[in-house]
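Everything below concerns the one structure shown next.
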Amino acid sequence: MKIESLPRIHLATLPTPLDELPRLSEALGARVWMKRDDLTGFALGGNKARKLEFLLADAIQQGADVVVTGGGPQSNHARMTAAAARKVGMGATLVFFGNPPREVNGNLLLDELLGAEILYTRTDDKRETDRVIERVCGELQARGRKPYVIPRGGSTVLGCCAYILAVGELLEQLRAQAVTPDWIFITTGSCGTHAGILAGLKYFGARIPVYGITVSRPIAEGKPRINLLVQETAEFLQTALSLEPDDVILDDAYLGAGYGIITPEARTAIQLVARSEGIFLDPVYTGKTMAGLMDLVRRGVVVRGATILFWHTGGAPGIFGHPDDFKVASHHPLREA
Ligand SMILES: Cc1ncc(COP(=O)(O)O)c(C=O)c1O
C-alpha cells in the first residue's frame with residue numbers, strides 16, 4: 001500500500017512553517033527551530049488535523065454518519081474530530097472521562113459550539129472511556145446510525161501514515177534551510193505522533209534522534225505501544241520500518257502530578273515562549289515538553305548549542321481551560337499624576 005494512494009480529505013494547511021526561534025534560542029542556550037503544526041489551520045489547528053485527513057476519509061468509505069471518540073474534557077483531539085466530522089456532514093459523539101467540569105471553556109466550549117453530543121464516564125479510570133465508546137456505538141447502531149470509532153488520540157495506523165508524510169515535509173524544509181537537527185523534541189500522549197515520526201524517519205532513511213516527553217502514559221506503557229504502532233504501520237504499508245530498541249526515547253520526568261495537571265515549570269516555559277517569540281504553547285502537552293527541553297539543556301543532557309527541532313503539536317485552546325494558571329497581577333492602579 002502506498003501512503004500517497006490512501007483515501008484522504010483536505011483539512012490541514014500544509015506545509016506548516018518551519019521557524020527559527022532566535023530569542024528563545026538565546027534564552028535556552030540551544031538553537032531552536034519549531035515545526036509549526038499548531039498552524040495546521042483547520043478548527044484552530046494542531047497535530048490531529050493531519051491524522052484526521054486519513055481517518056475521516058476512511059469513515060466516509062465505510063459509510064459512517066457519526067464519528068465517536070473520547071478523551072479528557074479539554075481534549076484537542078476531540079475538538080478537532082468533532083470539527084472534521086461536521087465538515088464532512090457527520091455527527092460527532094464525544095465520551096469524556098470524569099465528571100462534567102464546573103466551567104465550560106477552552107476545547108469543551110468549542111465542542112459545544114460544534115454541536116457534538118457529549119457524554120461523561122463519571123470515573124477517572126480512562127479505560128472506562130473505551131468501554132463507554134463501545135456501549136454508545138451499540139446504542140447508535142440500534143437506532144440505525146453508522147458510527148465510526150476513532151480511538152483516543154487518533155493513534156492508529158492511518159494516523160501514523162499521516163505523520164510519515166509530515167516527516168517527508170519536514171525533511172524537505174530542513175534541506176532547503178540547510179539545518180541538521182541534533183534532536184527532534186515531541187510530546188507523547190496516545191503515542192501516534194511519536195510513532196509516526198519514528199516510522200517516517202525510517203521510511204525516508206533519515207537519522208535524527210527523537211526525544212519524546214510523555215504527558216499521560218508511563219514509559220512502560222508508552223514504549224511497547226510505539227513499537228507496536230510502528231510495526232502495524234510497516235505491515236499495513238508492506239515496507240520495512242524496523243526500530244532498534246534505542247530508537248524509542250521516552251521521558252516521564254516532566255509529567256508532574258498527572259495528565260492535564262499543569263506544572264510550575266510548564267507554566268514558566270509557556271510564558272517564556274509567549275514572551276520571547278509570541279507563540280502559544282499549551283498547558284497539557286507542549287508546555288511540559290518545552291519545560292523538559294529547558295531542563296535538559298540546563299543540566300547538559302542536551303549539549304549547549306545543540307540544534308533542536310521542537311515539533312509544536314498545538315493545543316493553545318487548552319489555555320482557556322486553565323485561566324487561573326496564567327493570570328498575572330497586571331492590573332496596576334493608575335499612577336497619581
Ligand atoms: C496539542 C497536542 N500535542 C500532542 C499530543 C500528543 O499526540 P499523540 O496523542 O499522537 O501522542 C496531543 C494529543 O492529543 C495534543 O492534543
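A note on labels: chains of the C-alpha cells are A, B, ... as shown, every chain counts residues from 1, and ligands are counted from 1 in their shown order.
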
Which neighbours of region 140-150 of chain A fall inside 8 Å, counting only C-alpha atoms, when residues of the same chain fewer than 4 positions from it are skipped, and could you give them as a VMD selection string?
chain A and resid 55 59 63 to 69 133 136 154

Throw together the list of residues within 10 Å of ligand 1, counting only C-alpha atoms and all ligand atoms, and drop it here as a PyMOL selection string.
chain A and resi 37-38+45-48+51+71-72+74-80+152-156+159-160+163+186-197+212-217+222+226+281-287+289+311-318

Keeping only C-alpha atoms, write the selected residues as a PDB file, in the first residue's frame.
ATOM      1  CA  ASP A  37       1.838  22.007  13.464  1.00  0.00           C
ATOM      2  CA  ASP A  38      -0.081  24.340  15.760  1.00  0.00           C
ATOM      3  CA  GLY A  45      -5.046  23.727  14.347  1.00  0.00           C
ATOM      4  CA  GLY A  46      -2.879  21.054  15.923  1.00  0.00           C
ATOM      5  CA  ASN A  47      -1.333  17.693  15.081  1.00  0.00           C
ATOM      6  CA  LYS A  48      -4.658  15.863  14.865  1.00  0.00           C
ATOM      7  CA  LYS A  51      -4.340  12.245  11.228  1.00  0.00           C
ATOM      8  CA  GLY A  71     -10.541  11.700  25.896  1.00  0.00           C
ATOM      9  CA  GLY A  72     -10.452  14.336  28.604  1.00  0.00           C
ATOM     10  CA  GLN A  74     -10.135  19.548  27.296  1.00  0.00           C
ATOM     11  CA  SER A  75      -9.097  17.109  24.556  1.00  0.00           C
ATOM     12  CA  ASN A  76      -7.730  18.828  21.447  1.00  0.00           C
ATOM     13  CA  HIS A  77      -8.254  15.573  19.604  1.00  0.00           C
ATOM     14  CA  ALA A  78     -11.962  15.574  20.478  1.00  0.00           C
ATOM     15  CA  ARG A  79     -12.384  19.194  19.363  1.00  0.00           C
ATOM     16  CA  MET A  80     -10.708  18.585  16.031  1.00  0.00           C
ATOM     17  CA  ARG A 152      -8.443   8.129  21.856  1.00  0.00           C
ATOM     18  CA  GLY A 153      -5.835  10.411  20.297  1.00  0.00           C
ATOM     19  CA  GLY A 154      -6.432   9.094  16.775  1.00  0.00           C
ATOM     20  CA  SER A 155      -3.365   6.922  17.212  1.00  0.00           C
ATOM     21  CA  THR A 156      -3.963   4.277  14.596  1.00  0.00           C
ATOM     22  CA  GLY A 159      -2.713   8.370  11.995  1.00  0.00           C
ATOM     23  CA  CYS A 160       0.884   7.131  11.777  1.00  0.00           C
ATOM     24  CA  TYR A 163       2.984  11.609  10.353  1.00  0.00           C
ATOM     25  CA  ILE A 186       7.987  15.763  20.585  1.00  0.00           C
ATOM     26  CA  THR A 187       5.106  15.464  23.039  1.00  0.00           C
ATOM     27  CA  THR A 188       3.942  11.891  23.541  1.00  0.00           C
ATOM     28  CA  GLY A 189       0.342  11.273  24.559  1.00  0.00           C
ATOM     29  CA  SER A 190      -1.532   8.455  22.854  1.00  0.00           C
ATOM     30  CA  CYS A 191       1.785   7.793  21.004  1.00  0.00           C
ATOM     31  CA  GLY A 192       0.634   8.039  17.359  1.00  0.00           C
ATOM     32  CA  THR A 193       2.538  11.207  16.556  1.00  0.00           C
ATOM     33  CA  HIS A 194       5.740   9.895  18.117  1.00  0.00           C
ATOM     34  CA  ALA A 195       5.328   6.519  16.359  1.00  0.00           C
ATOM     35  CA  GLY A 196       4.532   8.228  13.048  1.00  0.00           C
ATOM     36  CA  ILE A 197       7.625  10.418  13.277  1.00  0.00           C
ATOM     37  CA  GLY A 212       9.530  12.081  23.491  1.00  0.00           C
ATOM     38  CA  ILE A 213       8.256  13.747  26.648  1.00  0.00           C
ATOM     39  CA  THR A 214       5.313  11.736  27.878  1.00  0.00           C
ATOM     40  CA  VAL A 215       2.387  13.688  29.300  1.00  0.00           C
ATOM     41  CA  SER A 216      -0.029  10.883  30.095  1.00  0.00           C
ATOM     42  CA  ARG A 217       1.244   7.301  29.814  1.00  0.00           C
ATOM     43  CA  GLY A 222       4.311   4.049  26.007  1.00  0.00           C
ATOM     44  CA  ILE A 226       5.038   2.996  19.996  1.00  0.00           C
ATOM     45  CA  LEU A 281       2.233  26.504  23.785  1.00  0.00           C
ATOM     46  CA  ASP A 282      -0.387  24.651  25.837  1.00  0.00           C
ATOM     47  CA  PRO A 283      -0.646  23.560  29.468  1.00  0.00           C
ATOM     48  CA  VAL A 284      -1.346  19.843  28.886  1.00  0.00           C
ATOM     49  CA  TYR A 285       1.084  18.853  26.135  1.00  0.00           C
ATOM     50  CA  THR A 286       3.640  21.172  24.558  1.00  0.00           C
ATOM     51  CA  GLY A 287       4.263  23.289  27.682  1.00  0.00           C
ATOM     52  CA  THR A 289       7.719  19.270  26.565  1.00  0.00           C
ATOM     53  CA  TRP A 311       7.600  19.874  16.985  1.00  0.00           C
ATOM     54  CA  HIS A 312       4.760  22.136  18.143  1.00  0.00           C
ATOM     55  CA  THR A 313       1.649  19.979  18.069  1.00  0.00           C
ATOM     56  CA  GLY A 314      -0.866  22.686  19.000  1.00  0.00           C
ATOM     57  CA  GLY A 315      -3.291  22.762  21.900  1.00  0.00           C
ATOM     58  CA  ALA A 316      -3.486  26.506  22.576  1.00  0.00           C
ATOM     59  CA  PRO A 317      -7.304  26.388  23.122  1.00  0.00           C
ATOM     60  CA  GLY A 318      -6.440  24.428  26.286  1.00  0.00           C
TER      61      GLY A 318
END

Set the distance at 10 Å and use only C-alpha atoms: which residues neighbour Leu11 (chain A) once local chain neighbours fewer than 4 positions away are removed? I'd like the list as a VMD selection string.
chain A and resid 40 to 43 45 48 to 54 56 83 to 84 87

Would you please extract all strand (DSSP E) residues from region 121-318 of chain A, as assigned by DSSP on the backbone, and give them as a PyMOL selection string?
chain A and resi 147-149+183-188+210-214+249-251+307-312

Which residues are close to region 178-185 of chain A, i.e. within 8 Å by only C-alpha atoms, leaving aside same-chain residues fewer than 6 positions away? Reply as an NGL selection string.
:A and (208-213 or 289 or 293 or 306-311)

Just N, CA and C atoms for this one: save the residues we selected as a PDB file, in the first residue's frame.
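The result, stored in result.pdb:
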ATOM      1  N   ILE A 208      17.631  11.023  12.824  1.00  0.00           N
ATOM      2  CA  ILE A 208      17.610  12.104  13.823  1.00  0.00           C
ATOM      3  C   ILE A 208      16.978  11.506  15.073  1.00  0.00           C
ATOM      4  N   PRO A 209      17.665  11.559  16.224  1.00  0.00           N
ATOM      5  CA  PRO A 209      17.046  11.007  17.432  1.00  0.00           C
ATOM      6  C   PRO A 209      15.792  11.789  17.833  1.00  0.00           C
ATOM      7  N   VAL A 210      14.780  11.053  18.260  1.00  0.00           N
ATOM      8  CA  VAL A 210      13.505  11.671  18.640  1.00  0.00           C
ATOM      9  C   VAL A 210      13.334  11.533  20.149  1.00  0.00           C
ATOM     10  N   TYR A 211      13.221  12.674  20.837  1.00  0.00           N
ATOM     11  CA  TYR A 211      13.092  12.679  22.302  1.00  0.00           C
ATOM     12  C   TYR A 211      11.629  12.954  22.638  1.00  0.00           C
ATOM     13  N   GLY A 212      10.951  11.936  23.159  1.00  0.00           N
ATOM     14  CA  GLY A 212       9.530  12.081  23.491  1.00  0.00           C
ATOM     15  C   GLY A 212       9.345  12.380  24.966  1.00  0.00           C
ATOM     16  N   ILE A 213       8.607  13.445  25.251  1.00  0.00           N
ATOM     17  CA  ILE A 213       8.256  13.747  26.648  1.00  0.00           C
ATOM     18  C   ILE A 213       6.818  13.262  26.832  1.00  0.00           C
ATOM     19  N   THR A 289       6.584  19.672  27.410  1.00  0.00           N
ATOM     20  CA  THR A 289       7.719  19.270  26.565  1.00  0.00           C
ATOM     21  C   THR A 289       8.776  20.366  26.537  1.00  0.00           C
ATOM     22  N   LEU A 293      12.679  20.274  27.682  1.00  0.00           N
ATOM     23  CA  LEU A 293      13.820  20.708  26.865  1.00  0.00           C
ATOM     24  C   LEU A 293      14.682  21.713  27.646  1.00  0.00           C
ATOM     25  N   ALA A 306      23.263  22.878  20.960  1.00  0.00           N
ATOM     26  CA  ALA A 306      22.709  21.848  20.065  1.00  0.00           C
ATOM     27  C   ALA A 306      21.569  22.434  19.228  1.00  0.00           C
ATOM     28  N   THR A 307      21.351  21.820  18.064  1.00  0.00           N
ATOM     29  CA  THR A 307      20.239  22.255  17.218  1.00  0.00           C
ATOM     30  C   THR A 307      19.033  21.365  17.500  1.00  0.00           C
ATOM     31  N   ILE A 308      17.935  22.006  17.911  1.00  0.00           N
ATOM     32  CA  ILE A 308      16.744  21.275  18.333  1.00  0.00           C
ATOM     33  C   ILE A 308      15.599  21.569  17.377  1.00  0.00           C
ATOM     34  N   LEU A 309      14.942  20.521  16.947  1.00  0.00           N
ATOM     35  CA  LEU A 309      13.681  20.711  16.214  1.00  0.00           C
ATOM     36  C   LEU A 309      12.559  20.419  17.206  1.00  0.00           C
ATOM     37  N   PHE A 310      11.867  21.460  17.629  1.00  0.00           N
ATOM     38  CA  PHE A 310      10.745  21.294  18.557  1.00  0.00           C
ATOM     39  C   PHE A 310       9.479  21.202  17.714  1.00  0.00           C
ATOM     40  N   TRP A 311       8.806  20.060  17.807  1.00  0.00           N
ATOM     41  CA  TRP A 311       7.600  19.874  16.985  1.00  0.00           C
ATOM     42  C   TRP A 311       6.401  20.381  17.788  1.00  0.00           C
TER      43      TRP A 311
END

Could you please write out, as a ChimeraX atom specification, every residue of region 281-312 of chain A that DSSP assigns to alpha helix (DSSP H)?
/A:286-298

Keeping N, CA and C atoms for every residue in the selection just given, could you write it to a file as an mmCIF file, in the first residue's frame?
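The resulting out10.cif:
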data_model
loop_
_atom_site.group_PDB
_atom_site.id
_atom_site.type_symbol
_atom_site.label_atom_id
_atom_site.label_comp_id
_atom_site.auth_asym_id
_atom_site.auth_seq_id
_atom_site.Cartn_x
_atom_site.Cartn_y
_atom_site.Cartn_z
ATOM 1 N N THR A 286 2.379 20.585 25.034
ATOM 2 C CA THR A 286 3.640 21.172 24.558
ATOM 3 C C THR A 286 4.365 21.988 25.626
ATOM 4 N N GLY A 287 3.623 22.530 26.599
ATOM 5 C CA GLY A 287 4.263 23.289 27.682
ATOM 6 C C GLY A 287 5.172 22.389 28.502
ATOM 7 N N LYS A 288 4.712 21.167 28.751
ATOM 8 C CA LYS A 288 5.535 20.228 29.531
ATOM 9 C C LYS A 288 6.761 19.795 28.723
ATOM 10 N N THR A 289 6.584 19.672 27.410
ATOM 11 C CA THR A 289 7.719 19.270 26.565
ATOM 12 C C THR A 289 8.776 20.366 26.537
ATOM 13 N N MET A 290 8.331 21.616 26.445
ATOM 14 C CA MET A 290 9.302 22.717 26.452
ATOM 15 C C MET A 290 9.977 22.807 27.818
ATOM 16 N N ALA A 291 9.224 22.554 28.884
ATOM 17 C CA ALA A 291 9.827 22.554 30.225
ATOM 18 C C ALA A 291 10.915 21.484 30.284
ATOM 19 N N GLY A 292 10.657 20.345 29.670
ATOM 20 C CA GLY A 292 11.640 19.265 29.618
ATOM 21 C C GLY A 292 12.876 19.684 28.847
ATOM 22 N N LEU A 293 12.679 20.274 27.682
ATOM 23 C CA LEU A 293 13.820 20.708 26.865
ATOM 24 C C LEU A 293 14.682 21.713 27.646
ATOM 25 N N MET A 294 14.013 22.672 28.284
ATOM 26 C CA MET A 294 14.756 23.691 29.041
ATOM 27 C C MET A 294 15.603 23.035 30.130
ATOM 28 N N ASP A 295 15.001 22.090 30.829
ATOM 29 C CA ASP A 295 15.713 21.429 31.925
ATOM 30 C C ASP A 295 16.874 20.579 31.395
ATOM 31 N N LEU A 296 16.652 19.885 30.301
ATOM 32 C CA LEU A 296 17.692 19.003 29.759
ATOM 33 C C LEU A 296 18.893 19.805 29.249
ATOM 34 N N VAL A 297 18.630 21.002 28.702
ATOM 35 C CA VAL A 297 19.741 21.859 28.261
ATOM 36 C C VAL A 297 20.469 22.396 29.494
ATOM 37 N N ARG A 298 19.685 22.822 30.480
ATOM 38 C CA ARG A 298 20.276 23.369 31.717
ATOM 39 C C ARG A 298 21.197 22.342 32.370
#

Contacts of region 202-204 of chain A at 8 Å (only C-alpha atoms; same-chain gap of 4+ positions) as an mmCIF file with C-alpha atoms, in the first residue's frame:
data_model
loop_
_atom_site.group_PDB
_atom_site.id
_atom_site.type_symbol
_atom_site.label_atom_id
_atom_site.label_comp_id
_atom_site.auth_asym_id
_atom_site.auth_seq_id
_atom_site.Cartn_x
_atom_site.Cartn_y
_atom_site.Cartn_z
ATOM 1 C CA ILE A 164 5.183 9.668 7.953
ATOM 2 C CA GLY A 168 8.794 13.951 4.477
ATOM 3 C CA LEU A 198 9.875 7.435 14.053
ATOM 4 C CA ALA A 240 10.395 -2.383 6.431
ATOM 5 C CA LEU A 241 10.342 0.200 9.224
ATOM 6 C CA SER A 242 12.063 -1.815 11.927
ATOM 7 C CA LEU A 243 13.033 0.135 15.022
#

Given the choices A:Pro22, A:Pro15, A:Pro73, A:Gly29, which gets closest to Val167 (chain A) if the distance is worked out from only C-alpha atoms?
A:Pro15
